[in-house]
file input.cif (mmCIF, C-alpha atoms)
data_input
loop_
_atom_site.label_atom_id
_atom_site.label_comp_id
_atom_site.auth_asym_id
_atom_site.auth_seq_id
_atom_site.Cartn_x
_atom_site.Cartn_y
_atom_site.Cartn_z
CA LEU A 148 0.00 0.00 0.00
CA LEU A 149 1.17 3.51 -0.82
CA VAL A 150 0.12 6.53 1.27
CA VAL A 151 -1.62 9.15 -0.86
CA HIS A 152 -3.32 11.37 1.73
CA ARG A 153 -2.26 11.50 5.36
CA LEU A 154 -3.40 13.34 8.45
CA ASP A 155 -1.59 14.95 11.36
CA LEU A 156 -0.87 12.27 13.94
CA GLU A 157 -3.53 13.60 16.33
CA THR A 158 -6.24 14.01 13.64
CA SER A 159 -8.76 11.21 13.11
CA GLY A 160 -10.71 10.27 10.01
CA VAL A 161 -10.42 9.25 6.36
CA LEU A 162 -7.03 8.28 4.95
CA CYS A 163 -6.23 7.45 1.34
CA PHE A 164 -3.96 4.61 0.20
CA ALA A 165 -3.27 3.21 -3.26
CA ARG A 166 -2.52 -0.42 -4.14
CA SER A 167 -0.29 0.38 -7.12
CA ARG A 168 2.07 3.12 -8.28
CA ALA A 169 -0.25 3.92 -11.20
CA ALA A 170 -3.22 4.38 -8.85
CA ALA A 171 -1.07 6.45 -6.47
CA SER A 172 -0.04 8.69 -9.36
CA ARG A 173 -3.69 9.31 -10.38
CA LEU A 174 -4.75 10.00 -6.80
CA CYS A 175 -1.78 12.30 -6.08
CA ARG A 176 -2.67 14.25 -9.24
CA ALA A 177 -6.23 14.70 -7.93
CA PHE A 178 -4.87 16.25 -4.72
CA ARG A 179 -2.30 18.38 -6.54
CA GLU A 180 -4.89 19.66 -9.06
CA GLN A 181 -7.40 20.20 -6.23
CA THR A 182 -10.05 17.90 -7.70
CA ALA A 183 -10.18 15.90 -4.46
CA ALA A 184 -12.64 17.46 -1.99
CA LYS A 185 -11.96 17.20 1.75
CA ARG A 186 -14.39 17.98 4.56
CA TYR A 187 -13.36 18.15 8.19
CA VAL A 188 -15.32 18.72 11.38
CA ALA A 189 -13.68 20.51 14.31
CA LEU A 190 -14.74 21.62 17.74
CA VAL A 191 -13.05 24.97 18.41
CA GLU A 192 -12.67 27.12 21.50
CA GLY A 193 -15.08 30.03 21.89
CA ARG A 194 -18.22 31.00 20.02
CA VAL A 195 -17.54 31.95 16.40
CA ALA A 196 -19.65 35.06 15.71
CA THR A 197 -20.05 34.74 11.93
CA ALA A 198 -21.99 31.89 10.27
CA ALA A 199 -19.47 31.16 7.51
CA GLY A 200 -16.45 32.51 5.73
CA VAL A 201 -13.09 31.96 4.10
CA TRP A 202 -9.67 32.17 5.74
CA ARG A 203 -6.95 33.11 3.26
CA TRP A 204 -3.76 33.31 5.29
CA PRO A 205 -0.46 32.08 3.83
CA ILE A 206 1.36 29.62 6.10
CA ALA A 207 5.08 29.25 6.87
CA LYS A 208 7.22 27.51 9.44
CA ALA A 209 7.38 29.60 12.59
CA ARG A 210 10.61 31.51 13.02
CA ALA A 211 11.35 29.64 16.23
CA ALA A 212 10.27 26.24 14.86
CA THR A 213 12.54 24.14 17.04
CA THR A 214 9.72 22.01 18.38
CA SER A 215 8.88 18.51 17.25
CA PRO A 216 6.60 18.39 15.35
CA PRO A 217 7.48 21.73 13.70
CA ARG A 218 5.20 24.65 14.43
CA TYR A 219 3.63 26.67 11.62
CA GLU A 220 1.93 30.04 11.64
CA ALA A 221 -0.07 32.29 9.38
CA ALA A 222 1.94 35.03 7.72
CA THR A 223 0.15 38.17 8.84
CA ASP A 224 1.15 41.76 9.44
CA LEU A 225 1.52 41.10 13.16
CA PRO A 226 5.02 41.58 14.63
CA GLY A 227 6.92 38.36 15.23
CA ARG A 228 4.91 36.34 12.70
CA ALA A 229 6.39 34.24 9.91
CA ALA A 230 7.95 36.11 7.03
CA ALA A 231 5.49 36.45 4.15
CA SER A 232 8.29 35.74 1.66
CA THR A 233 8.57 32.11 2.86
CA ALA A 234 4.84 31.51 3.30
CA LYS A 235 2.71 29.39 0.95
CA ASP A 236 -0.86 30.25 0.01
CA ALA A 237 -3.47 28.56 2.17
CA LEU A 238 -7.25 28.83 1.87
CA THR A 239 -9.92 27.29 4.11
CA GLU A 240 -13.68 27.60 3.64
CA TRP A 241 -15.63 27.18 6.88
CA ARG A 242 -19.12 27.31 8.34
CA VAL A 243 -20.65 26.99 11.78
CA LEU A 244 -22.53 23.74 12.41
CA GLY A 245 -23.57 24.54 15.98
CA PHE A 246 -22.49 25.43 19.49
CA GLU A 247 -21.63 23.35 22.55
CA GLY A 248 -21.37 25.55 25.62
CA ASN A 249 -18.48 27.94 24.95
CA ALA A 250 -17.25 25.96 21.92
CA THR A 251 -18.25 25.97 18.25
CA ARG A 252 -18.54 23.02 15.90
CA LEU A 253 -17.17 23.96 12.46
CA GLU A 254 -17.19 22.37 9.05
CA LEU A 255 -13.82 23.05 7.40
CA ARG A 256 -13.07 22.61 3.69
CA PRO A 257 -9.39 23.17 2.92
CA GLN A 258 -8.79 24.29 -0.66
CA THR A 259 -5.03 23.89 -0.26
CA GLY A 260 -3.09 21.24 1.62
CA ARG A 261 -0.53 22.91 3.86
CA SER A 262 0.92 21.28 6.97
CA HIS A 263 -1.27 22.03 9.99
CA GLN A 264 -3.40 24.35 7.79
CA LEU A 265 -6.70 23.87 9.59
CA ARG A 266 -5.15 24.05 13.04
CA VAL A 267 -3.18 27.21 12.16
CA HIS A 268 -6.17 28.91 10.53
CA CYS A 269 -8.46 28.17 13.48
CA ALA A 270 -5.87 29.44 15.97
CA THR A 271 -5.15 32.55 13.88
CA ALA A 272 -8.89 33.30 13.82
CA GLY A 273 -8.82 33.23 17.63
CA HIS A 274 -10.54 29.83 17.91
CA PRO A 275 -7.98 27.04 18.34
CA VAL A 276 -9.15 23.45 17.96
CA VAL A 277 -10.21 21.97 21.30
CA GLY A 278 -7.46 19.71 22.62
CA ASP A 279 -4.71 21.09 20.35
CA PRO A 280 -1.43 20.86 22.29
CA ILE A 281 0.52 22.91 19.70
CA TYR A 282 -1.77 25.82 18.76
CA GLY A 283 -4.28 25.76 21.62
CA ARG A 284 -4.53 24.86 25.27
CA GLY A 285 -4.68 21.09 24.86
CA GLN A 286 -2.50 18.75 26.84
CA PRO A 287 -0.17 16.26 25.12
CA GLY A 288 -1.98 12.93 24.89
CA GLY A 289 -5.42 14.56 25.02
CA ARG A 290 -8.07 14.33 22.28
CA LEU A 291 -7.65 16.75 19.37
CA CYS A 292 -11.20 17.52 18.17
CA LEU A 293 -10.35 17.61 14.45
CA HIS A 294 -11.70 14.88 12.18
CA ALA A 295 -11.45 14.19 8.43
CA ALA A 296 -15.13 13.34 7.91
CA GLU A 297 -15.29 13.06 4.11
CA LEU A 298 -13.03 12.60 1.12
CA ALA A 299 -14.45 12.81 -2.41
CA LEU A 300 -12.20 11.67 -5.27
CA PRO A 301 -12.80 12.11 -8.99
CA THR A 302 -11.87 8.43 -9.42
CA HIS A 303 -14.82 7.24 -7.28
CA ARG A 304 -18.56 7.79 -7.59
CA ARG A 305 -19.21 8.10 -3.85
CA PRO A 306 -17.23 9.96 -1.20
CA PHE A 307 -15.48 8.09 1.59
CA LEU A 308 -17.06 8.91 4.97
CA ALA A 309 -15.88 8.48 8.55
CA PRO A 310 -18.29 9.19 11.44
CA VAL A 311 -17.17 11.97 13.76
CA PRO A 312 -16.10 10.37 17.06
CA PHE A 313 -16.70 13.50 19.16
CA TRP A 314 -20.18 14.23 17.74
CA PRO A 315 -22.77 14.61 20.52
#

call {"tool": "encode", "arguments": {"input": "input.cif", "output": "structure tokens"}}
result
Amino acid sequence: LLVVHRLDLETSGVLCFARSRAAASRLCRAFREQTAAKRYVALVEGRVATAAGVWRWPIAKARAATTSPPRYEAATDLPGRAAASTAKDALTEWRVLGFEGNATRLELRPQTGRSHQLRVHCATAGHPVVGDPIYGRGQPGGRLCLHAAELALPTHRRPFLAPVPFWP
């Protein structure tokens, strides 16, 4: 089996493997050409005030990325942030699915595939993913509430689905 689509270690959900190099090539092309559609569900800290939107913040390795795994950040105009010259475009479409106390359940649809993109975008928006030990207040070994719920590929008629384990 060849890995085509992977997740951060702490993220649960749909993975994509190929059984041959030819199949892996076709599937990798779908991700590279952005014809594969990914849908994630996250529980984030705080109540998101807007119903939906798009986050378009380039992402780069943090200047002090000496941690393991490496830390990334959005390249913004804020002092001390990653240099925009080394950042790569990153775009995430999102919408509110509901609220749980002082947390918000979001649907996230990444349009690019940067390392830690969803986690960085949520944290940059002021709403880190619940349980995130790198970008939020989570503790190592705790549950990161980020789940790859759906993967739709142009090579398959139906999307691959994985039930959300932290759904109420």

call {"tool": "resolve_selection", "arguments": {"input": "input.cif", "expression": "the PyMOL selection byres ((chain A and resi 269) around 10)", "output": "PyMOL selection string"}}
result
chain A and resi 189+191-192+202+239+241+253+255+264-268+270-276+282-283

call {"tool": "atom_distance", "arguments": {"input": "input.cif", "atom1": "atom CA of A:Gly200", "atom2": "atom CA of A:Leu244"}}
result
12.6 Å

call {"tool": "closest_atom_pairs", "arguments": {"input": "input.cif", "of": "stretch 164-186 of chain A", "to": "stretch 294-311 of chain A", "cutoff": "10 Å", "atoms": "all atoms listed in the file", "output": "CSV"}}
result
residue,atom,partner,partner_atom,distance
A:Ala170,CA,A:Thr302,CA,9.6
A:Arg173,CA,A:Thr302,CA,8.3
A:Leu174,CA,A:Thr302,CA,7.7
A:Ala177,CA,A:Pro301,CA,7.1
A:Phe178,CA,A:Leu300,CA,8.7
A:Gln181,CA,A:Leu300,CA,9.8
A:Thr182,CA,A:Pro301,CA,6.5
A:Ala183,CA,A:Leu300,CA,4.8
A:Ala184,CA,A:Ala299,CA,5.0
A:Lys185,CA,A:Leu298,CA,4.8
A:Arg186,CA,A:Glu297,CA,5.0

call {"tool": "closest_residue", "arguments": {"input": "input.cif", "among": "A:Val188, A:Ala221, A:Val277, A:Ala209", "to": "A:Arg256", "atoms": "only C-alpha atoms"}}
result
A:Val188

call {"tool": "resolve_selection", "arguments": {"input": "input.cif", "expression": "the PyMOL selection byres ((chain A and resi 206) around 8)", "output": "number ranges by chain"}}
result
A: 204-205, 207-208, 219-222, 229, 234-237, 261, 264, 267

call {"tool": "write_last_selection", "arguments": {"input": "input.cif", "atoms": "C-alpha atoms", "output": "PDB file, in the frame of the given file"}}
result
ATOM      1  CA  TRP A 204      -3.760  33.310   5.290  1.00  0.00           C
ATOM      2  CA  PRO A 205      -0.460  32.080   3.830  1.00  0.00           C
ATOM      3  CA  ALA A 207       5.080  29.250   6.870  1.00  0.00           C
ATOM      4  CA  LYS A 208       7.220  27.510   9.440  1.00  0.00           C
ATOM      5  CA  TYR A 219       3.630  26.670  11.620  1.00  0.00           C
ATOM      6  CA  GLU A 220       1.930  30.040  11.640  1.00  0.00           C
ATOM      7  CA  ALA A 221      -0.070  32.290   9.380  1.00  0.00           C
ATOM      8  CA  ALA A 222       1.940  35.030   7.720  1.00  0.00           C
ATOM      9  CA  ALA A 229       6.390  34.240   9.910  1.00  0.00           C
ATOM     10  CA  ALA A 234       4.840  31.510   3.300  1.00  0.00           C
ATOM     11  CA  LYS A 235       2.710  29.390   0.950  1.00  0.00           C
ATOM     12  CA  ASP A 236      -0.860  30.250   0.010  1.00  0.00           C
ATOM     13  CA  ALA A 237      -3.470  28.560   2.170  1.00  0.00           C
ATOM     14  CA  ARG A 261      -0.530  22.910   3.860  1.00  0.00           C
ATOM     15  CA  GLN A 264      -3.400  24.350   7.790  1.00  0.00           C
ATOM     16  CA  VAL A 267      -3.180  27.210  12.160  1.00  0.00           C
TER      17      VAL A 267
END

call {"tool": "residues_around", "arguments": {"input": "input.cif", "residues": "A:Gly289", "least_positions_apart": "3", "cutoff": "10 Å", "atoms": "all atoms listed in the file", "output": "PyMOL selection string"}}
result
chain A and resi 157+277-280+285-286+292

call {"tool": "atom_distance", "arguments": {"input": "input.cif", "atom1": "atom CA of A:Asp155", "atom2": "atom CA of A:Arg176"}}
result
20.6 Å

call {"tool": "atom_distance", "arguments": {"input": "input.cif", "atom1": "atom CA of A:Gly193", "atom2": "atom CA of A:Asn249"}}
result
5.0 Å

call {"tool": "resolve_selection", "arguments": {"input": "input.cif", "expression": "the PyMOL selection byres ((chain A and resi 150) around 9)", "output": "ChimeraX atom specification"}}
result
/A:148-149,151-153,162-165,171

call {"tool": "residues_around", "arguments": {"input": "input.cif", "residues": "A:Glu247", "least_positions_apart": "4", "cutoff": "9 Å", "atoms": "only C-alpha atoms", "output": "list in words"}}
result
Leu190, Arg194, Thr251 and Arg252 of chain A

call {"tool": "residues_around", "arguments": {"input": "input.cif", "residues": "A:Thr197", "least_positions_apart": "2", "cutoff": "9 Å", "atoms": "all atoms listed in the file", "output": "PyMOL selection string"}}
result
chain A and resi 195+199-200+242-243

call {"tool": "axis_aligned_box", "arguments": {"input": "input.cif", "around": "stretch 234-249 of chain A", "padding_each_side": "8 Å", "output": "AutoDock Vina command-line options"}}
result
--center_x -9.4 --center_y 27.4 --center_z 12.8 --size_x 44.4 --size_y 24.2 --size_z 41.6

call {"tool": "build_atoms", "arguments": {"input": "input.cif", "residues": "stretch 293-307 of chain A", "atoms": "N, CA, C and O atoms", "output": "JSON list (two decimals), in the coordinates of the input"}}
result
[["chain", "number", "residue", "atom", "x", "y", "z"],
["A", 293, "LEU", "N", -10.43, 17.34, 15.88],
["A", 293, "LEU", "CA", -10.35, 17.61, 14.45],
["A", 293, "LEU", "C", -10.44, 16.27, 13.73],
["A", 293, "LEU", "O", -9.66, 15.35, 14.02],
["A", 294, "HIS", "N", -11.39, 16.16, 12.80],
["A", 294, "HIS", "CA", -11.70, 14.88, 12.18],
["A", 294, "HIS", "C", -11.93, 15.04, 10.67],
["A", 294, "HIS", "O", -12.71, 15.90, 10.26],
["A", 295, "ALA", "N", -11.24, 14.23, 9.88],
["A", 295, "ALA", "CA", -11.45, 14.19, 8.43],
["A", 295, "ALA", "C", -12.70, 13.36, 8.17],
["A", 295, "ALA", "O", -12.65, 12.13, 8.17],
["A", 296, "ALA", "N", -13.83, 14.02, 7.99],
["A", 296, "ALA", "CA", -15.13, 13.34, 7.91],
["A", 296, "ALA", "C", -15.46, 12.82, 6.52],
["A", 296, "ALA", "O", -16.21, 11.85, 6.39],
["A", 297, "GLU", "N", -14.90, 13.45, 5.47],
["A", 297, "GLU", "CA", -15.29, 13.06, 4.11],
["A", 297, "GLU", "C", -14.16, 13.35, 3.13],
["A", 297, "GLU", "O", -13.49, 14.38, 3.22],
["A", 298, "LEU", "N", -13.99, 12.43, 2.20],
["A", 298, "LEU", "CA", -13.03, 12.60, 1.12],
["A", 298, "LEU", "C", -13.71, 12.17, -0.18],
["A", 298, "LEU", "O", -14.13, 11.02, -0.30],
["A", 299, "ALA", "N", -13.84, 13.10, -1.11],
["A", 299, "ALA", "CA", -14.45, 12.81, -2.41],
["A", 299, "ALA", "C", -13.35, 12.86, -3.47],
["A", 299, "ALA", "O", -12.63, 13.85, -3.57],
["A", 300, "LEU", "N", -13.23, 11.78, -4.23],
["A", 300, "LEU", "CA", -12.20, 11.67, -5.27],
["A", 300, "LEU", "C", -12.84, 11.58, -6.64],
["A", 300, "LEU", "O", -13.88, 10.93, -6.80],
["A", 301, "PRO", "N", -12.23, 12.20, -7.64],
["A", 301, "PRO", "CA", -12.80, 12.11, -8.99],
["A", 301, "PRO", "C", -12.76, 10.70, -9.56],
["A", 301, "PRO", "O", -13.45, 10.39, -10.52],
["A", 302, "THR", "N", -11.99, 9.81, -8.95],
["A", 302, "THR", "CA", -11.87, 8.43, -9.42],
["A", 302, "THR", "C", -12.94, 7.52, -8.84],
["A", 302, "THR", "O", -13.02, 6.35, -9.21],
["A", 303, "HIS", "N", -13.78, 8.04, -7.93],
["A", 303, "HIS", "CA", -14.82, 7.24, -7.28],
["A", 303, "HIS", "C", -16.16, 7.96, -7.34],
["A", 303, "HIS", "O", -16.21, 9.18, -7.24],
["A", 304, "ARG", "N", -17.22, 7.20, -7.48],
["A", 304, "ARG", "CA", -18.56, 7.79, -7.59],
["A", 304, "ARG", "C", -19.06, 8.34, -6.26],
["A", 304, "ARG", "O", -19.77, 9.33, -6.23],
["A", 305, "ARG", "N", -18.73, 7.68, -5.17],
["A", 305, "ARG", "CA", -19.21, 8.10, -3.85],
["A", 305, "ARG", "C", -18.05, 8.56, -2.99],
["A", 305, "ARG", "O", -16.96, 8.02, -3.07],
["A", 306, "PRO", "N", -18.31, 9.52, -2.11],
["A", 306, "PRO", "CA", -17.23, 9.96, -1.20],
["A", 306, "PRO", "C", -16.99, 8.91, -0.11],
["A", 306, "PRO", "O", -17.87, 8.10, 0.20],
["A", 307, "PHE", "N", -15.82, 8.93, 0.44],
["A", 307, "PHE", "CA", -15.48, 8.09, 1.59],
["A", 307, "PHE", "C", -15.85, 8.89, 2.84],
["A", 307, "PHE", "O", -15.51, 10.06, 2.96]]
